[in-house]
file structure_25.cif (mmCIF, C-alpha atoms and all ligand atoms)
data_coords
#
loop_
_atom_site.label_atom_id
_atom_site.label_comp_id
_atom_site.auth_asym_id
_atom_site.auth_seq_id
_atom_site.Cartn_x
_atom_site.Cartn_y
_atom_site.Cartn_z
CA MET A 1 85.01 116.57 86.70
CA SER A 2 87.62 114.04 87.74
CA LYS A 3 88.31 113.34 91.38
CA THR A 4 91.66 114.38 92.81
CA ILE A 5 94.11 113.65 95.58
CA THR A 6 97.14 115.69 96.57
CA ILE A 7 100.63 114.18 96.68
CA ASP A 8 103.43 116.38 98.02
CA GLY A 9 101.32 119.46 97.29
CA LYS A 10 100.53 118.44 93.71
CA GLU A 11 96.91 117.77 92.81
CA ILE A 12 96.52 114.63 90.72
CA PRO A 13 93.46 112.89 89.30
CA TYR A 14 92.33 109.40 90.24
CA GLU A 15 89.57 107.02 89.23
CA ASP A 16 87.34 105.03 91.55
CA GLY A 17 88.96 101.69 92.33
CA GLN A 18 92.51 103.00 92.02
CA THR A 19 94.92 102.75 94.91
CA ILE A 20 97.17 105.67 95.85
CA MET A 21 99.98 103.74 94.11
CA ASP A 22 97.94 103.40 90.90
CA ALA A 23 97.09 107.12 90.84
CA ALA A 24 100.69 108.12 91.63
CA ILE A 25 102.13 105.96 88.83
CA ALA A 26 99.60 107.36 86.33
CA ALA A 27 100.78 110.85 87.34
CA ASP A 28 104.44 109.81 86.96
CA ILE A 29 105.07 110.03 90.68
CA TYR A 30 107.34 107.28 92.01
CA ILE A 31 106.59 105.76 95.39
CA PRO A 32 109.33 103.22 96.26
CA HIS A 33 108.00 99.66 96.20
CA LEU A 34 109.14 96.05 96.04
CA CYS A 35 106.12 93.77 96.49
CA HIS A 36 103.87 95.81 94.18
CA ASP A 37 103.51 94.78 90.55
CA PRO A 38 100.56 96.03 88.49
CA ASP A 39 100.06 92.54 87.08
CA TYR A 40 99.13 91.08 90.46
CA GLU A 41 96.80 91.65 93.38
CA PRO A 42 98.39 94.08 95.89
CA HIS A 43 99.93 92.31 98.84
CA GLY A 44 101.15 95.09 101.14
CA SER A 45 104.00 93.06 102.59
CA CYS A 46 107.21 95.06 102.12
CA LYS A 47 105.91 98.39 103.54
CA LEU A 48 108.39 100.30 101.42
CA CYS A 49 105.54 102.24 99.82
CA THR A 50 104.48 103.73 103.17
CA VAL A 51 103.12 107.26 102.68
CA ASN A 52 101.45 109.65 105.07
CA VAL A 53 97.75 110.17 104.37
CA ASN A 54 96.08 112.97 106.33
CA GLY A 55 98.48 112.37 109.22
CA ARG A 56 98.45 108.55 109.22
CA ASN A 57 101.01 106.23 107.67
CA CYS A 58 99.70 103.54 105.31
CA SER A 59 100.76 101.40 102.35
CA ALA A 60 100.15 103.21 99.05
CA CYS A 61 99.82 99.92 97.16
CA THR A 62 96.79 98.75 99.15
CA PHE A 63 95.16 102.00 100.33
CA PRO A 64 92.40 103.29 98.01
CA ALA A 65 92.67 106.79 96.57
CA LEU A 66 89.85 108.88 98.04
CA GLU A 67 88.70 112.47 97.60
CA GLY A 68 90.33 114.92 99.99
CA GLN A 69 93.47 112.90 100.71
CA ASN A 70 96.52 114.99 101.45
CA ILE A 71 99.42 112.60 100.92
CA ILE A 72 103.06 113.05 101.80
CA ASN A 73 105.38 110.81 99.77
CA GLN A 74 108.65 112.69 100.12
CA SER A 75 109.77 113.72 103.60
CA ALA A 76 112.91 113.20 105.65
CA ASP A 77 111.00 110.87 108.03
CA LEU A 78 109.58 108.68 105.27
CA GLU A 79 112.94 108.51 103.49
CA GLN A 80 114.54 107.39 106.75
CA ASP A 81 111.82 104.79 107.40
CA ARG A 82 112.24 103.39 103.88
CA LYS A 83 115.99 103.25 104.25
CA ARG A 84 115.64 101.36 107.55
CA ILE A 85 113.15 98.91 105.99
CA THR A 86 115.56 98.28 103.11
CA GLN A 87 118.46 97.82 105.50
CA MET A 88 116.39 95.28 107.45
CA LEU A 89 115.71 93.36 104.25
CA PHE A 90 119.44 93.29 103.51
CA VAL A 91 120.52 92.04 106.94
CA GLU A 92 117.70 89.51 107.24
CA GLY A 93 118.94 87.65 104.15
CA ASN A 94 122.38 87.11 102.66
CA HIS A 95 122.64 89.60 99.84
CA PHE A 96 126.21 89.51 98.57
CA CYS A 97 125.52 91.74 95.58
CA PRO A 98 128.91 91.54 93.83
CA SER A 99 128.63 87.75 93.55
CA CYS A 100 124.95 87.63 92.59
CA GLU A 101 123.93 87.09 88.98
CA LYS A 102 121.03 89.53 89.51
CA THR A 103 123.32 92.44 90.40
CA GLY A 104 122.38 95.48 88.33
CA ASP A 105 118.94 94.00 87.62
CA CYS A 106 117.88 93.50 91.25
CA GLN A 107 115.06 95.70 92.51
CA LEU A 108 116.19 95.46 96.14
CA GLN A 109 119.61 96.74 95.10
CA GLY A 110 117.96 99.36 92.84
CA VAL A 111 115.86 100.67 95.73
CA ALA A 112 118.95 100.78 97.95
CA TYR A 113 120.71 102.91 95.32
CA TYR A 114 117.64 105.16 95.08
CA LEU A 115 117.49 105.63 98.86
CA ASP A 116 121.21 106.40 99.00
CA MET A 117 121.78 103.49 101.36
CA HIS A 118 125.48 103.26 102.17
CA ASP A 119 125.51 100.70 104.96
CA ASN A 120 123.32 98.03 106.49
CA HIS A 121 122.96 99.82 109.88
CA PHE A 122 121.71 96.66 111.66
CA PRO A 123 123.77 93.57 112.58
CA HIS A 124 123.56 90.79 109.99
CA PHE A 125 121.50 87.71 110.78
CA PHE A 126 123.64 85.46 108.54
CA ALA A 127 120.73 83.06 108.22
CA ASN A 128 121.74 79.65 106.91
CA ARG A 129 119.32 78.85 104.11
CA GLU A 130 119.90 76.11 101.58
CA MET A 131 119.80 76.55 97.85
CA ASP A 132 117.55 74.42 95.69
CA ALA A 133 119.38 73.70 92.44
CA SER A 134 117.46 70.48 91.81
CA HIS A 135 115.44 71.71 88.82
CA PRO A 136 117.12 71.44 85.40
CA ASP A 137 116.26 75.03 84.42
CA ILE A 138 115.43 77.04 87.55
CA LEU A 139 117.42 77.78 90.71
CA ILE A 140 116.23 79.05 94.11
CA ASP A 141 118.68 80.73 96.44
CA HIS A 142 116.59 81.09 99.59
CA ASN A 143 119.22 83.43 101.04
CA ARG A 144 117.96 86.19 98.77
CA CYS A 145 114.21 85.82 99.27
CA ILE A 146 112.57 88.97 100.69
CA PHE A 147 109.13 87.29 101.00
CA CYS A 148 107.47 89.70 98.60
CA ASN A 149 105.03 86.95 97.61
CA LEU A 150 105.31 87.79 93.90
CA CYS A 151 106.25 84.24 92.86
CA VAL A 152 103.35 82.97 94.98
CA ARG A 153 100.90 85.36 93.31
CA ALA A 154 102.33 84.74 89.83
CA SER A 155 102.03 80.99 90.24
CA GLN A 156 98.46 81.27 91.52
CA GLU A 157 97.06 84.11 89.45
CA LYS A 158 98.81 83.63 86.08
CA ASP A 159 100.24 80.11 85.94
CA HIS A 160 97.31 78.56 87.89
CA LYS A 161 99.69 76.11 89.55
CA ASN A 162 100.32 77.06 93.22
CA VAL A 163 103.98 76.07 93.08
CA PHE A 164 105.05 78.46 95.87
CA ALA A 165 103.87 79.53 99.31
CA ILE A 166 105.33 81.42 102.27
CA SER A 167 105.35 79.44 105.49
CA GLY A 168 106.17 80.37 109.09
CA ARG A 169 106.54 83.74 110.78
CA GLY A 170 109.33 86.10 111.78
CA MET A 171 112.73 84.42 111.74
CA ASN A 172 111.13 81.14 110.68
CA LYS A 173 109.44 82.57 107.62
CA HIS A 174 110.50 80.78 104.45
CA LEU A 175 109.48 80.12 100.89
CA ILE A 176 108.19 76.60 100.37
CA VAL A 177 107.68 74.61 97.18
CA ASN A 178 104.56 72.57 96.58
CA SER A 179 105.98 69.14 95.76
CA ILE A 180 106.18 65.79 97.50
CA THR A 181 109.86 66.32 98.41
CA GLY A 182 109.69 70.10 98.75
CA LYS A 183 112.22 70.29 95.91
CA LEU A 184 111.63 72.36 92.80
CA LYS A 185 112.47 69.44 90.52
CA ASP A 186 109.41 67.57 91.79
CA SER A 187 107.03 70.52 91.33
CA ASN A 188 105.21 71.29 88.10
CA ILE A 189 106.96 74.61 87.49
CA HIS A 190 108.12 75.23 83.92
CA ILE A 191 110.82 77.58 82.65
CA ASN A 192 108.16 79.59 80.78
CA ASP A 193 105.98 80.14 83.86
CA HIS A 194 105.52 83.72 85.06
CA ALA A 195 106.58 82.62 88.55
CA ALA A 196 110.02 81.68 87.25
CA HIS A 197 110.68 85.23 86.01
CA ILE A 198 108.99 87.56 88.50
CA CYS A 199 111.47 87.57 91.40
CA PRO A 200 112.67 91.13 92.15
CA THR A 201 115.88 89.80 93.72
CA GLY A 202 118.25 86.99 92.77
CA ALA A 203 116.28 84.36 94.73
CA ILE A 204 114.77 82.69 91.65
CA LEU A 205 117.12 82.53 88.69
CA ILE A 206 117.05 80.82 85.31
CA LYS A 207 120.05 78.54 84.83
CA ARG A 208 122.57 78.98 82.01
CA THR A 209 121.67 82.65 81.45
CA GLY A 210 124.36 84.11 83.72
CA TYR A 211 126.35 87.12 82.61
CA LYS A 212 124.74 87.33 79.15
CA VAL A 213 124.52 91.05 79.89
CA PRO A 214 127.81 92.23 81.43
CA ILE A 215 127.87 94.01 84.79
CA GLY A 216 127.86 97.74 84.15
CA GLU A 217 125.34 97.41 81.33
CA ARG A 218 122.41 96.15 83.36
CA THR A 219 119.09 97.84 84.17
CA TYR A 220 120.02 99.85 87.24
CA ASP A 221 123.58 100.42 86.10
CA LYS A 222 122.08 102.72 83.50
CA GLN A 223 118.89 104.14 85.00
CA LYS A 224 117.52 104.74 88.49
CA ILE A 225 114.70 102.52 89.67
CA ASP A 226 112.12 105.33 89.72
CA ALA A 227 112.47 105.90 85.95
CA VAL A 228 112.51 102.15 85.19
CA ALA A 229 109.46 101.40 87.36
CA LEU A 230 107.35 104.30 86.08
CA ALA A 231 108.14 103.48 82.43
CA LYS A 232 107.38 99.78 82.89
CA GLU A 233 104.23 100.24 84.94
CA ASN A 234 102.75 102.96 82.76
CA LYS A 235 103.47 100.81 79.69
CA HIS A 236 101.61 97.98 81.40
CA HIS A 237 98.58 100.26 81.68
CA GLY A 238 98.92 101.25 78.00
CA ARG A 239 100.02 104.80 78.77
S1 LIG B 1 111.53 84.01 95.81
FE1 LIG B 1 111.61 86.08 94.94
S2 LIG B 1 109.52 86.44 94.17
FE2 LIG B 1 109.40 84.70 95.58
S3 LIG B 1 108.85 85.62 97.57
FE3 LIG B 1 111.11 85.42 97.49
S4 LIG B 1 111.83 87.42 96.73
FE4 LIG B 1 109.64 87.30 96.26
S1 LIG B 2 104.88 97.91 97.65
FE1 LIG B 2 103.35 98.44 99.07
S2 LIG B 2 103.78 97.18 100.79
FE2 LIG B 2 105.22 96.52 99.28
#
call {"tool": "encode", "arguments": {"input": "structure_25.cif", "output": "structure tokens"}}
result
Amino acid sequence: MSKTITIDGKEIPYEDGQTIMDAAIAADIYIPHLCHDPDYEPHGSCKLCTVNVNGRNCSACTFPALEGQNIINQSADLEQDRKRITQMLFVEGNHFCPSCEKTGDCQLQGVAYYLDMHDNHFPHFFANREMDASHPDILIDHNRCIFCNLCVRASQEKDHKNVFAISGRGMNKHLIVNSITGKLKDSNIHINDHAAHICPTGAILIKRTGYKVPIGERTYDKQKIDAVALAKENKHHGR
């Protein structure tokens, strides 16, 4: 008999070694997330996937599924917490969606749509972060980095290169490039690397690909992020 957990009153099966996120995705239950990607080790940094497990809040992407868990994923409190987390991500960077090439394909924007976020609630930081357009094929706009660590993990785990790292804490946290000058052009990143294509926001972009797909016909212009994420992640697991 398979083991089960309960999410929002629905009993779902899980296998040993699965996280709550893994079990939820397999059962077609969407838990909002930004730093989770089934291709990479869980990182637990964005906290958007916070669920309530037997009365305690924890990150679904890192917390193991265990027998007897009664999990709340959808509640007014959790929705509010997720909206506030997303608003903080927006004000901490400079996300001018209408002028960003990633608009319509951006997961941060997609989550904001999903959470029905209509304003930023908090005062903007207006951080002054420089762009790195030094590489012939790849651009970094540090203003849009949400420190999800996906490019770091992709570069380490798939490309075996260690091109990226996150340095500093709090307001001083920033993405750094492993090269003698700190510039992308002097790193060994290549346009075909996984790290160049994993960014959920418009922080890492491929040059000369802008507006190939018109605004209005992009991923989250057509479908909500829950449907896109569940389809993509279940496909990854061969389901
Ligand atoms: S550049 Fe993109 S992938 Fe890398 S940490 Fe920032 S948001 Fe995440
Ligand atoms: S998706 Fe779980 S903490 Fe980011």
call {"tool": "closest_residue", "arguments": {"input": "structure_25.cif", "among": "A:Arg239, A:Arg169, A:Lys212, A:His135", "to": "Lys183 (chain A)", "atoms": "all atoms listed in the file"}}
result
A:His135
call {"tool": "residues_near_ligand", "arguments": {"input": "structure_25.cif", "ligand": "ligand LIG 1 (chain B)", "cutoff": "12 Å", "atoms": "all atoms listed in the file", "output": "count of residues only"}}
result
58
call {"tool": "atom_distance", "arguments": {"input": "structure_25.cif", "atom1": "CA of Asn57 (chain A)", "atom2": "CA of Lys232 (chain A)"}}
result
26.4 Å
call {"tool": "closest_residue", "arguments": {"input": "structure_25.cif", "among": "A:Val228, A:Ile85, A:Cys61, A:Leu184", "to": "Glu41 (chain A)", "atoms": "all atoms listed in the file"}}
result
A:Cys61
call {"tool": "residues_around", "arguments": {"input": "structure_25.cif", "residues": "His237 (chain A)", "least_positions_apart": "4", "cutoff": "9 Å", "atoms": "only C-alpha atoms", "output": "list in words"}}
result
Ala26, Pro38, Lys232 and Glu233 of chain A
call {"tool": "residues_around", "arguments": {"input": "structure_25.cif", "residues": "Glu67 (chain A)", "least_positions_apart": "5", "cutoff": "7 Å", "atoms": "all atoms listed in the file", "output": "PDB file with C-alpha atoms, keeping the file's coordinate frame"}}
result
ATOM      1  CA  LYS A   3      88.310 113.340  91.380  1.00  0.00           C
ATOM      2  CA  THR A   4      91.660 114.380  92.810  1.00  0.00           C
ATOM      3  CA  ILE A   5      94.110 113.650  95.580  1.00  0.00           C
TER       4      ILE A   5
END
call {"tool": "atom_distance", "arguments": {"input": "structure_25.cif", "atom1": "CA of Asp226 (chain A)", "atom2": "CA of Phe96 (chain A)"}}
result
23.0 Å
call {"tool": "closest_residue", "arguments": {"input": "structure_25.cif", "among": "A:Thr50, A:Asn192, A:Thr181, A:Ser187", "to": "ligand LIG 2 (chain B)", "atoms": "only C-alpha atoms and all ligand atoms"}}
result
A:Thr50
call {"tool": "axis_aligned_box", "arguments": {"input": "structure_25.cif", "around": "ligand LIG 2 (chain B)", "padding_each_side": "8 Å", "output": "lines of an AutoDock Vina configuration file"}}
result
center_x = 104.3
center_y = 97.5
center_z = 99.2
size_x = 17.9
size_y = 17.9
size_z = 19.1
call {"tool": "atom_distance", "arguments": {"input": "structure_25.cif", "atom1": "CA of Asp16 (chain A)", "atom2": "CA of Ala65 (chain A)"}}
result
7.5 Å
call {"tool": "closest_residue", "arguments": {"input": "structure_25.cif", "among": "A:Asp8, A:Gln223, A:Ile25, A:Cys49", "to": "ligand LIG 2 (chain B)", "atoms": "all atoms listed in the file"}}
result
A:Cys49
call {"tool": "closest_residue", "arguments": {"input": "structure_25.cif", "among": "A:Asn172, A:Asn234, A:Gln69, A:Ser59", "to": "ligand LIG 2 (chain B)", "atoms": "all atoms listed in the file"}}
result
A:Ser59
call {"tool": "closest_residue", "arguments": {"input": "structure_25.cif", "among": "A:Thr19, A:Ala76, A:Ala27, A:Asp221", "to": "Cys58 (chain A)", "atoms": "only C-alpha atoms"}}
result
A:Thr19
call {"tool": "residues_near_point", "arguments": {"input": "structure_25.cif", "point": "(115.8, 103.2, 98.4)", "cutoff": "9 Å", "atoms": "all atoms listed in the file", "output": "ChimeraX atom specification"}}
result
/A:32-33,48,79,82-83,86,108-117,225
call {"tool": "residues_around", "arguments": {"input": "structure_25.cif", "residues": "Tyr211 (chain A)", "least_positions_apart": "5", "cutoff": "10 Å", "atoms": "all atoms listed in the file", "output": "PyMOL selection string"}}
result
chain A and resi 101-103+218
call {"tool": "decode", "arguments": {"input": "structure_25.cif", "residues": "region 115-152 of chain A", "atoms": "N, CA and C atoms", "output": "short mmCIF file (atom, residue, chain, number, x, y, z; two decimals), in the first residue's frame"}}
result
data_model
loop_
_atom_site.label_atom_id
_atom_site.label_comp_id
_atom_site.auth_asym_id
_atom_site.auth_seq_id
_atom_site.Cartn_x
_atom_site.Cartn_y
_atom_site.Cartn_z
N LEU A 115 -1.17 35.25 -8.23
CA LEU A 115 -1.54 35.68 -6.87
C LEU A 115 -2.43 36.92 -6.87
N ASP A 116 -2.79 37.37 -8.08
CA ASP A 116 -3.68 38.53 -8.19
C ASP A 116 -3.05 39.76 -7.53
N MET A 117 -1.77 39.93 -7.78
CA MET A 117 -1.03 41.05 -7.19
C MET A 117 -1.26 42.30 -8.04
N HIS A 118 -1.87 43.32 -7.43
CA HIS A 118 -2.20 44.52 -8.20
C HIS A 118 -1.28 45.71 -7.90
N ASP A 119 -0.55 45.63 -6.80
CA ASP A 119 0.38 46.72 -6.50
C ASP A 119 1.60 46.15 -5.79
N ASN A 120 2.56 47.01 -5.52
CA ASN A 120 3.80 46.53 -4.91
C ASN A 120 3.79 46.65 -3.37
N HIS A 121 2.80 47.31 -2.83
CA HIS A 121 2.56 47.43 -1.38
C HIS A 121 3.70 48.14 -0.63
N PHE A 122 4.94 47.71 -0.85
CA PHE A 122 6.09 48.26 -0.13
C PHE A 122 6.75 49.37 -0.95
N PRO A 123 7.48 50.29 -0.29
CA PRO A 123 8.21 51.31 -1.06
C PRO A 123 9.33 50.66 -1.88
N HIS A 124 9.57 51.18 -3.05
CA HIS A 124 10.63 50.64 -3.92
C HIS A 124 12.02 50.97 -3.38
N PHE A 125 12.94 50.05 -3.54
CA PHE A 125 14.33 50.29 -3.13
C PHE A 125 15.07 51.11 -4.20
N PHE A 126 14.68 50.94 -5.45
CA PHE A 126 15.38 51.54 -6.59
C PHE A 126 16.90 51.32 -6.50
N ALA A 127 17.26 50.08 -6.29
CA ALA A 127 18.69 49.74 -6.21
C ALA A 127 19.36 50.07 -7.54
N ASN A 128 20.60 50.54 -7.45
CA ASN A 128 21.32 50.90 -8.67
C ASN A 128 22.32 49.79 -9.01
N ARG A 129 21.90 48.88 -9.87
CA ARG A 129 22.77 47.75 -10.21
C ARG A 129 23.13 47.82 -11.68
N GLU A 130 24.40 47.60 -11.96
CA GLU A 130 24.86 47.75 -13.35
C GLU A 130 24.53 46.53 -14.18
N MET A 131 24.37 46.75 -15.45
CA MET A 131 24.19 45.64 -16.39
C MET A 131 25.56 45.14 -16.82
N ASP A 132 25.62 43.89 -17.21
CA ASP A 132 26.85 43.34 -17.80
C ASP A 132 26.50 42.87 -19.21
N ALA A 133 26.82 43.72 -20.17
CA ALA A 133 26.53 43.39 -21.58
C ALA A 133 27.83 43.05 -22.31
N SER A 134 28.86 42.65 -21.54
CA SER A 134 30.19 42.46 -22.12
C SER A 134 30.31 41.21 -23.00
N HIS A 135 29.49 40.21 -22.71
CA HIS A 135 29.60 38.94 -23.46
C HIS A 135 28.95 39.08 -24.83
N PRO A 136 29.52 38.47 -25.87
CA PRO A 136 28.92 38.64 -27.20
C PRO A 136 27.51 38.07 -27.34
N ASP A 137 27.17 37.06 -26.52
CA ASP A 137 25.88 36.38 -26.71
C ASP A 137 24.92 36.49 -25.54
N ILE A 138 25.43 36.82 -24.36
CA ILE A 138 24.61 36.72 -23.14
C ILE A 138 24.67 38.03 -22.36
N LEU A 139 23.52 38.44 -21.84
CA LEU A 139 23.41 39.72 -21.13
C LEU A 139 22.94 39.46 -19.69
N ILE A 140 23.51 40.16 -18.73
CA ILE A 140 22.98 40.10 -17.35
C ILE A 140 22.47 41.48 -16.96
N ASP A 141 21.20 41.55 -16.61
CA ASP A 141 20.68 42.77 -16.00
C ASP A 141 20.48 42.48 -14.51
N HIS A 142 21.42 42.90 -13.72
CA HIS A 142 21.41 42.58 -12.28
C HIS A 142 20.18 43.17 -11.58
N ASN A 143 19.55 44.16 -12.19
CA ASN A 143 18.36 44.75 -11.59
C ASN A 143 17.21 43.76 -11.45
N ARG A 144 17.25 42.70 -12.23
CA ARG A 144 16.12 41.77 -12.25
C ARG A 144 16.42 40.45 -11.55
N CYS A 145 17.58 40.35 -10.92
CA CYS A 145 17.96 39.10 -10.26
C CYS A 145 17.17 38.96 -8.95
N ILE A 146 16.55 37.81 -8.74
CA ILE A 146 15.82 37.56 -7.49
C ILE A 146 16.58 36.57 -6.60
N PHE A 147 17.82 36.28 -6.94
CA PHE A 147 18.71 35.44 -6.14
C PHE A 147 18.13 34.03 -5.90
N CYS A 148 17.53 33.50 -6.93
CA CYS A 148 16.95 32.16 -6.82
C CYS A 148 18.01 31.08 -6.86
N ASN A 149 19.22 31.44 -7.28
CA ASN A 149 20.34 30.49 -7.31
C ASN A 149 20.25 29.46 -8.44
N LEU A 150 19.28 29.61 -9.33
CA LEU A 150 19.15 28.59 -10.39
C LEU A 150 20.33 28.62 -11.36
N CYS A 151 20.81 29.81 -11.73
CA CYS A 151 21.97 29.86 -12.63
C CYS A 151 23.21 29.30 -11.94
N VAL A 152 23.29 29.51 -10.63
CA VAL A 152 24.43 28.98 -9.86
C VAL A 152 24.39 27.45 -9.89
#
